[in-house]
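Just my_file_0.cif here, mmCIF, C-alpha atoms and all ligand atoms:
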```cif
data_final
loop_
_atom_site.label_atom_id
_atom_site.label_comp_id
_atom_site.auth_asym_id
_atom_site.auth_seq_id
_atom_site.Cartn_x
_atom_site.Cartn_y
_atom_site.Cartn_z
CA MET A 1 0.00 0.00 0.00
CA ALA A 2 1.05 3.56 -0.47
CA ILE A 3 0.05 6.99 0.63
CA LEU A 4 -0.84 9.04 -2.44
CA LYS A 5 -0.30 12.71 -3.05
CA ILE A 6 -3.47 14.75 -2.56
CA ALA A 7 -4.16 17.45 -5.15
CA LYS A 8 -4.81 20.87 -3.63
CA LEU A 9 -7.18 23.64 -4.65
CA GLY A 10 -5.82 25.28 -7.81
CA HIS A 11 -4.63 22.03 -9.36
CA PRO A 12 -6.51 21.52 -12.66
CA VAL A 13 -7.11 17.82 -11.92
CA LEU A 14 -9.73 18.92 -9.38
CA VAL A 15 -11.88 20.69 -11.94
CA ASN A 16 -11.90 17.99 -14.63
CA LYS A 17 -14.79 15.62 -15.20
CA THR A 18 -13.78 11.99 -14.64
CA LYS A 19 -14.34 8.98 -16.90
CA GLU A 20 -16.54 6.02 -16.16
CA ILE A 21 -14.78 2.74 -15.43
CA ASN A 22 -15.99 0.29 -18.08
CA LYS A 23 -13.93 -2.75 -17.26
CA LEU A 24 -12.90 -3.19 -13.65
CA HIS A 25 -10.21 -5.66 -14.69
CA ASP A 26 -8.46 -3.14 -16.93
CA ILE A 27 -7.24 -1.26 -13.88
CA ASP A 28 -5.86 -2.53 -10.62
CA ILE A 29 -8.99 -1.50 -8.77
CA LYS A 30 -8.06 -3.18 -5.50
CA LYS A 31 -4.71 -1.43 -5.32
CA ILE A 32 -6.37 1.90 -6.10
CA ILE A 33 -8.93 1.38 -3.32
CA TYR A 34 -6.29 0.23 -0.81
CA ASP A 35 -4.03 3.18 -1.58
CA MET A 36 -6.91 5.65 -1.46
CA SER A 37 -8.07 4.19 1.88
CA GLU A 38 -4.60 4.49 3.37
CA THR A 39 -4.33 8.05 2.06
CA MET A 40 -7.73 9.03 3.49
CA ILE A 41 -6.99 7.53 6.91
CA ASP A 42 -3.54 9.13 7.01
CA ALA A 43 -5.05 12.52 6.20
CA ASN A 44 -7.87 11.95 8.70
CA GLY A 45 -10.53 12.50 6.07
CA ILE A 46 -14.04 11.10 5.84
CA GLY A 47 -14.14 10.85 2.07
CA LEU A 48 -11.76 10.82 -0.88
CA ALA A 49 -12.54 10.94 -4.58
CA ALA A 50 -10.24 9.65 -7.33
CA PRO A 51 -9.41 13.09 -8.84
CA GLN A 52 -8.07 14.17 -5.44
CA VAL A 53 -5.26 11.65 -5.90
CA HIS A 54 -4.74 12.50 -9.59
CA LEU A 55 -6.82 9.62 -10.96
CA ASN A 56 -9.32 10.19 -13.74
CA HIS A 57 -11.85 7.57 -12.59
CA ARG A 58 -15.46 7.84 -11.47
CA LEU A 59 -15.01 6.41 -8.02
CA PHE A 60 -14.81 7.55 -4.44
CA ILE A 61 -14.45 6.08 -0.98
CA TYR A 62 -15.87 7.29 2.32
CA ARG A 63 -16.16 6.34 5.94
CA ASN A 64 -19.71 5.27 6.60
CA PRO A 65 -21.04 7.94 8.98
CA ASP A 66 -23.84 5.63 10.16
CA VAL A 67 -21.36 3.39 11.97
CA GLU A 68 -21.64 3.98 15.71
CA GLU A 69 -18.71 5.71 17.37
CA GLU A 70 -17.92 2.73 19.61
CA GLU A 71 -17.39 0.63 16.53
CA GLU A 72 -15.03 3.19 15.05
CA GLU A 73 -11.87 1.30 15.98
CA LYS A 74 -12.62 -0.79 12.98
CA ILE A 75 -13.05 1.82 10.29
CA LYS A 76 -15.64 0.88 7.72
CA ILE A 77 -14.80 2.24 4.31
CA SER A 78 -17.35 2.15 1.53
CA VAL A 79 -16.50 2.29 -2.17
CA LEU A 80 -18.78 3.61 -4.90
CA ILE A 81 -17.73 3.09 -8.53
CA ASN A 82 -19.56 4.85 -11.39
CA PRO A 83 -22.06 6.28 -8.89
CA LEU A 84 -25.32 7.99 -9.76
CA ILE A 85 -27.04 10.25 -7.28
CA GLU A 86 -30.56 11.62 -7.30
CA LYS A 87 -32.35 13.82 -4.81
CA ILE A 88 -35.45 12.32 -3.20
CA SER A 89 -36.99 15.65 -2.27
CA GLU A 90 -36.25 19.34 -2.78
CA GLU A 91 -35.51 19.75 0.92
CA THR A 92 -32.04 21.12 1.60
CA GLU A 93 -29.83 21.45 4.66
CA ASP A 94 -26.89 23.77 5.39
CA ASP A 95 -23.88 22.45 7.27
CA TRP A 96 -20.13 22.91 7.56
CA GLU A 97 -17.82 21.01 5.26
CA GLY A 98 -14.12 20.67 4.76
CA CYS A 99 -12.12 18.97 2.03
CA LEU A 100 -8.72 17.29 1.98
CA SER A 101 -7.95 19.31 -1.16
CA ILE A 102 -8.69 22.57 0.67
CA PRO A 103 -6.87 21.92 3.95
CA GLY A 104 -7.46 24.11 6.97
CA MET A 105 -10.62 25.68 5.58
CA SER A 106 -14.35 25.24 6.13
CA GLY A 107 -17.48 26.39 4.39
CA LEU A 108 -21.21 26.33 4.99
CA VAL A 109 -22.63 24.20 2.20
CA ARG A 110 -26.18 23.64 1.01
CA ARG A 111 -27.01 20.01 0.15
CA PHE A 112 -30.10 17.95 -0.49
CA LYS A 113 -31.25 16.31 2.71
CA ARG A 114 -32.28 12.98 1.18
CA ILE A 115 -30.80 11.25 -1.82
CA LYS A 116 -30.78 7.88 -3.47
CA TYR A 117 -27.68 6.43 -5.06
CA SER A 118 -26.64 3.52 -7.21
CA ALA A 119 -23.18 2.31 -8.12
CA ILE A 120 -21.07 -0.80 -8.43
CA ASP A 121 -18.66 -2.07 -5.81
CA LEU A 122 -15.10 -3.25 -6.35
CA ASN A 123 -16.34 -6.70 -7.42
CA GLY A 124 -18.62 -5.16 -10.03
CA ASP A 125 -21.77 -5.94 -8.05
CA LYS A 126 -24.59 -3.40 -8.16
CA LEU A 127 -25.48 -1.56 -5.01
CA SER A 128 -27.98 1.15 -4.21
CA GLY A 129 -29.62 2.83 -1.30
CA GLU A 130 -31.34 5.84 0.19
CA VAL A 131 -29.55 8.01 2.71
CA GLU A 132 -30.06 11.30 4.51
CA GLY A 133 -28.30 13.85 6.65
CA ILE A 134 -24.53 13.58 7.00
CA HIS A 135 -24.43 10.38 4.94
CA ALA A 136 -26.24 12.11 2.06
CA ARG A 137 -23.92 15.11 2.45
CA VAL A 138 -20.73 13.04 2.18
CA LEU A 139 -22.00 11.30 -0.95
CA GLN A 140 -22.96 14.59 -2.61
CA HIS A 141 -19.59 16.14 -1.74
CA GLU A 142 -17.62 13.20 -3.15
CA PHE A 143 -19.90 12.83 -6.18
CA ASP A 144 -19.28 16.50 -7.00
CA HIS A 145 -15.52 15.80 -7.10
CA LEU A 146 -16.15 13.36 -9.97
CA ASN A 147 -17.62 16.24 -11.95
CA GLY A 148 -14.86 18.68 -11.07
CA ILE A 149 -17.02 20.57 -8.57
CA LEU A 150 -15.69 21.67 -5.19
CA TYR A 151 -17.81 22.61 -2.18
CA THR A 152 -16.71 26.23 -2.55
CA SER A 153 -19.12 26.56 -5.47
CA ARG A 154 -22.05 25.36 -3.35
CA LEU A 155 -21.77 27.71 -0.39
CA ALA A 156 -25.04 28.56 1.35
CA ASP A 157 -23.60 31.98 2.15
CA LYS A 158 -20.56 33.34 0.35
CA ARG A 159 -19.31 34.89 3.58
CA ALA A 160 -19.40 31.57 5.40
CA PHE A 161 -16.08 30.30 4.09
CA GLY A 162 -12.62 30.65 5.53
CA PHE A 163 -9.91 29.27 7.74
CA SER A 164 -11.43 26.71 10.10
CA GLU A 165 -9.99 28.50 13.11
CA GLU A 166 -11.80 31.73 12.25
CA ILE A 167 -14.99 29.91 11.27
CA GLU A 168 -14.93 28.20 14.64
CA LYS A 169 -14.49 31.54 16.38
CA PHE A 170 -16.92 33.73 14.45
CA TRP A 171 -19.52 31.41 12.93
CA LYS A 172 -19.88 28.18 14.87
CA LYS A 173 -19.92 30.01 18.20
CA ASN A 174 -22.89 32.06 16.97
CA ASP A 175 -24.62 28.89 15.76
CA LYS A 176 -24.27 27.36 19.21
CA GLU A 177 -25.60 30.48 20.93
CA LYS A 178 -28.54 30.67 18.55
CA SER A 179 -29.52 27.09 19.21
CA LYS A 180 -29.62 27.59 22.99
NI NI B 201 -13.50 17.00 -0.92
#
```

Will you turn the file into structure tokens for me?
Ligand code: NI
Amino acid sequence: MAILKIAKLGHPVLVNKTKEINKLHDIDIKKIIYDMSETMIDANGIGLAAPQVHLNHRLFIYRNPDVEEEEEEKIKISVLINPLIEKISEETEDDWEGCLSIPGMSGLVRRFKRIKYSAIDLNGDKLSGEVEGIHARVLQHEFDHLNGILYTSRLADKRAFGFSEEIEKFWKKNDKEKSK
């Protein structure tokens, strides 16, 4: 396994549309997934899309956010290859996001609350499901990467983007006070 180099904001690979994987056997899919998993864990991320490690494939991995915290010692990583995503309703939700390609920064991003997805796994088997909340958010964020879209173009409020430290100080604090 190997830790891969993560492309940072400004690198053109992050704004390119990726290509569908037609034959899983034509590429060493297992090695790609292993290396991406190691890279994501090393960087302490919750999701990683192929373009972020300079690969032009329609695939991403993510840590399943539905796994209970006590179980977290054994990290469950999911893989979606050639994913399709569709909103279930028009309902949206705003929440804070970060990205391994935009380190140290956070933004308030608007996402659909409920989505359904379909994809294939690393054995080529079809999988699909319906998810909501943080799970739906992670999938939308990673899916966007496959189309060259970063969360910075989906901000709920253009002012709500900046260094995580400042966001913590000036935005999240207000959120907490408001919710009291
Ligand atoms: Ni990202």

Subject >> Neighbour list for region 113-116 of chain A as a list in words, cut-off 10 Å, only C-alpha atoms, skip fewer than 2 positions in-chain >> reply: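 Once the nearby chain positions are removed, what remains is Leu84, Ile85, Glu86, Lys87, Ile88, Ser89, Glu90, Glu91, Thr92, Glu93, Asp94, Arg110, Arg111, Ser118, Ser128, Gly129, Glu130, Val131, Glu132, Gly133, Ile134, His135, Ala136, Arg137, Leu139 and Gln140 of chain A.
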
Subject >> Nearest-residue call for Met40 (chain A), choices A:Ile27, A:Leu55, A:Ala2, A:Leu80, using only C-alpha atoms >> reply: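 Smallest separation from Met40 (chain A) among the options: A:Ala2.
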
Original post:
Would you name the residues within 7 Å of ligand NI 201 (chain B), counting all atoms listed in the file, and put them as a list in words?
Top reply: Gly47, Leu48, Gly98, Cys99, Leu100, Ser101, His141, Glu142, His145 and Leu150 of chain A

Given the selection you just returned, output its residues as a file containing C-alpha atoms, formatted as a compact mmCIF listing (two decimals), in the frame of the given file.
```txt
# COMPACT_ATOMS: atom_id res chain seq x y z
CA GLY A 47 -14.14 10.85 2.07
CA LEU A 48 -11.76 10.82 -0.88
CA GLY A 98 -14.12 20.67 4.76
CA CYS A 99 -12.12 18.97 2.03
CA LEU A 100 -8.72 17.29 1.98
CA SER A 101 -7.95 19.31 -1.16
CA HIS A 141 -19.59 16.14 -1.74
CA GLU A 142 -17.62 13.20 -3.15
CA HIS A 145 -15.52 15.80 -7.10
CA LEU A 150 -15.69 21.67 -5.19
```

Restrict the calculation to only C-alpha atoms, then for each residue of region 69-127 of chain A with any atom at most 8 Å from an atom of region 28-37 of chain A give the closest atom pair and their distance in Å to one decimal, rows by chain and rising residue number, as a Markdown table.
```
| residue | atom | partner | partner_atom | distance |
| --- | --- | --- | --- | --- |
| A:Ile77 | CA | A:Ser37 | CA | 7.4 |
| A:Val79 | CA | A:Ile33 | CA | 7.7 |
| A:Leu122 | CA | A:Ile29 | CA | 6.8 |
```

Subject >> Spatial neighbours of Ala7 (chain A), 9 Å, all atoms listed in the file, chain gap at least 5 places, as an NGL selection string >> reply: :A and (12-14 or 51-54 or 100-102)

**OP:** For each of A:Val109, A:Leu155, A:Leu146, A:Leu4, take the minimum atom-to-atom distance to His57 (chain A), counting all atoms listed in the file, then give the residue where this is smallest.
**Re:**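 Using all atoms listed in the file, the shortest distance to His57 (chain A) belongs to A:Leu146.
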
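Candidate residues A:Ile41, A:Ile61, A:Val138, A:Ile149 were compared for distance to Ile3 (chain A), and the nearest is A:Ile41, using all atoms listed in the file.
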
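Picture a line from CA of Tyr62 (chain A) to CA of Ala50 (chain A); it runs 11.4 Å.
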
**OP:** Using only C-alpha atoms, pick whichever of A:Gly45, A:Glu38, A:Phe143, A:Lys173 has the shortest atom-to-atom distance to Met1 (chain A).
**Re:**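 Under the stated criterion, the closest residue is A:Glu38.
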
**OP:** Please measure the separation of CA of Ala43 (chain A) and CA of Gly104 (chain A), giving the value in Å to one decimal.
**Re:**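 Taking CA of Ala43 (chain A) as the start and CA of Gly104 (chain A) as the end point, the length is 11.9 Å.
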
**OP:** Rounded to one decimal place, report the CA of Pro83 (chain A)-CA of Thr152 (chain A) distance in Å.
**Re:**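 A separation of 21.6 Å between them.
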
Subject >> Pick from A:Ser164, A:Ser153, A:Thr18, A:Asn82 nearest to Lys126 (chain A), counting only C-alpha atoms >> reply: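 Closest to Lys126 (chain A), using only C-alpha atoms: A:Asn82.
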
Output as JSON the centre and edge lengths (Å, one decimal) of the box along x, y and z of the file that holds every listed atom of region 77-82 of chain A after adding 6 Å on each side.
```
{"center_x": -17.2, "center_y": 3.5, "center_z": -3.5, "size_x": 16.8, "size_y": 14.7, "size_z": 27.7}
```

Subject >> Shell around Glu168 (chain A) at 12 Å using all atoms listed in the file, local window under 3 positions removed, as a list in words >> reply: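 Contacts, with the query itself left out: Trp96, Gly104, Met105, Ser106, Gly107, Leu108, Ala160, Phe161, Gly162, Phe163, Ser164, Glu165, Trp171, Lys172, Lys173, Asn174, Asp175 and Lys176 of chain A.
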
Coords for region 109-167 of chain A, C-alpha atoms, as a compact mmCIF listing (two decimals), in the first residue's frame:
```txt
# COMPACT_ATOMS: atom_id res chain seq x y z
CA VAL A 109 -22.63 24.20 2.20
CA ARG A 110 -26.18 23.64 1.01
CA ARG A 111 -27.01 20.01 0.15
CA PHE A 112 -30.10 17.95 -0.49
CA LYS A 113 -31.25 16.31 2.71
CA ARG A 114 -32.28 12.98 1.18
CA ILE A 115 -30.80 11.25 -1.82
CA LYS A 116 -30.78 7.88 -3.47
CA TYR A 117 -27.68 6.43 -5.06
CA SER A 118 -26.64 3.52 -7.21
CA ALA A 119 -23.18 2.31 -8.12
CA ILE A 120 -21.07 -0.80 -8.43
CA ASP A 121 -18.66 -2.07 -5.81
CA LEU A 122 -15.10 -3.25 -6.35
CA ASN A 123 -16.34 -6.70 -7.42
CA GLY A 124 -18.62 -5.16 -10.03
CA ASP A 125 -21.77 -5.94 -8.05
CA LYS A 126 -24.59 -3.40 -8.16
CA LEU A 127 -25.48 -1.56 -5.01
CA SER A 128 -27.98 1.15 -4.21
CA GLY A 129 -29.62 2.83 -1.30
CA GLU A 130 -31.34 5.84 0.19
CA VAL A 131 -29.55 8.01 2.71
CA GLU A 132 -30.06 11.30 4.51
CA GLY A 133 -28.30 13.85 6.65
CA ILE A 134 -24.53 13.58 7.00
CA HIS A 135 -24.43 10.38 4.94
CA ALA A 136 -26.24 12.11 2.06
CA ARG A 137 -23.92 15.11 2.45
CA VAL A 138 -20.73 13.04 2.18
CA LEU A 139 -22.00 11.30 -0.95
CA GLN A 140 -22.96 14.59 -2.61
CA HIS A 141 -19.59 16.14 -1.74
CA GLU A 142 -17.62 13.20 -3.15
CA PHE A 143 -19.90 12.83 -6.18
CA ASP A 144 -19.28 16.50 -7.00
CA HIS A 145 -15.52 15.80 -7.10
CA LEU A 146 -16.15 13.36 -9.97
CA ASN A 147 -17.62 16.24 -11.95
CA GLY A 148 -14.86 18.68 -11.07
CA ILE A 149 -17.02 20.57 -8.57
CA LEU A 150 -15.69 21.67 -5.19
CA TYR A 151 -17.81 22.61 -2.18
CA THR A 152 -16.71 26.23 -2.55
CA SER A 153 -19.12 26.56 -5.47
CA ARG A 154 -22.05 25.36 -3.35
CA LEU A 155 -21.77 27.71 -0.39
CA ALA A 156 -25.04 28.56 1.35
CA ASP A 157 -23.60 31.98 2.15
CA LYS A 158 -20.56 33.34 0.35
CA ARG A 159 -19.31 34.89 3.58
CA ALA A 160 -19.40 31.57 5.40
CA PHE A 161 -16.08 30.30 4.09
CA GLY A 162 -12.62 30.65 5.53
CA PHE A 163 -9.91 29.27 7.74
CA SER A 164 -11.43 26.71 10.10
CA GLU A 165 -9.99 28.50 13.11
CA GLU A 166 -11.80 31.73 12.25
CA ILE A 167 -14.99 29.91 11.27
```
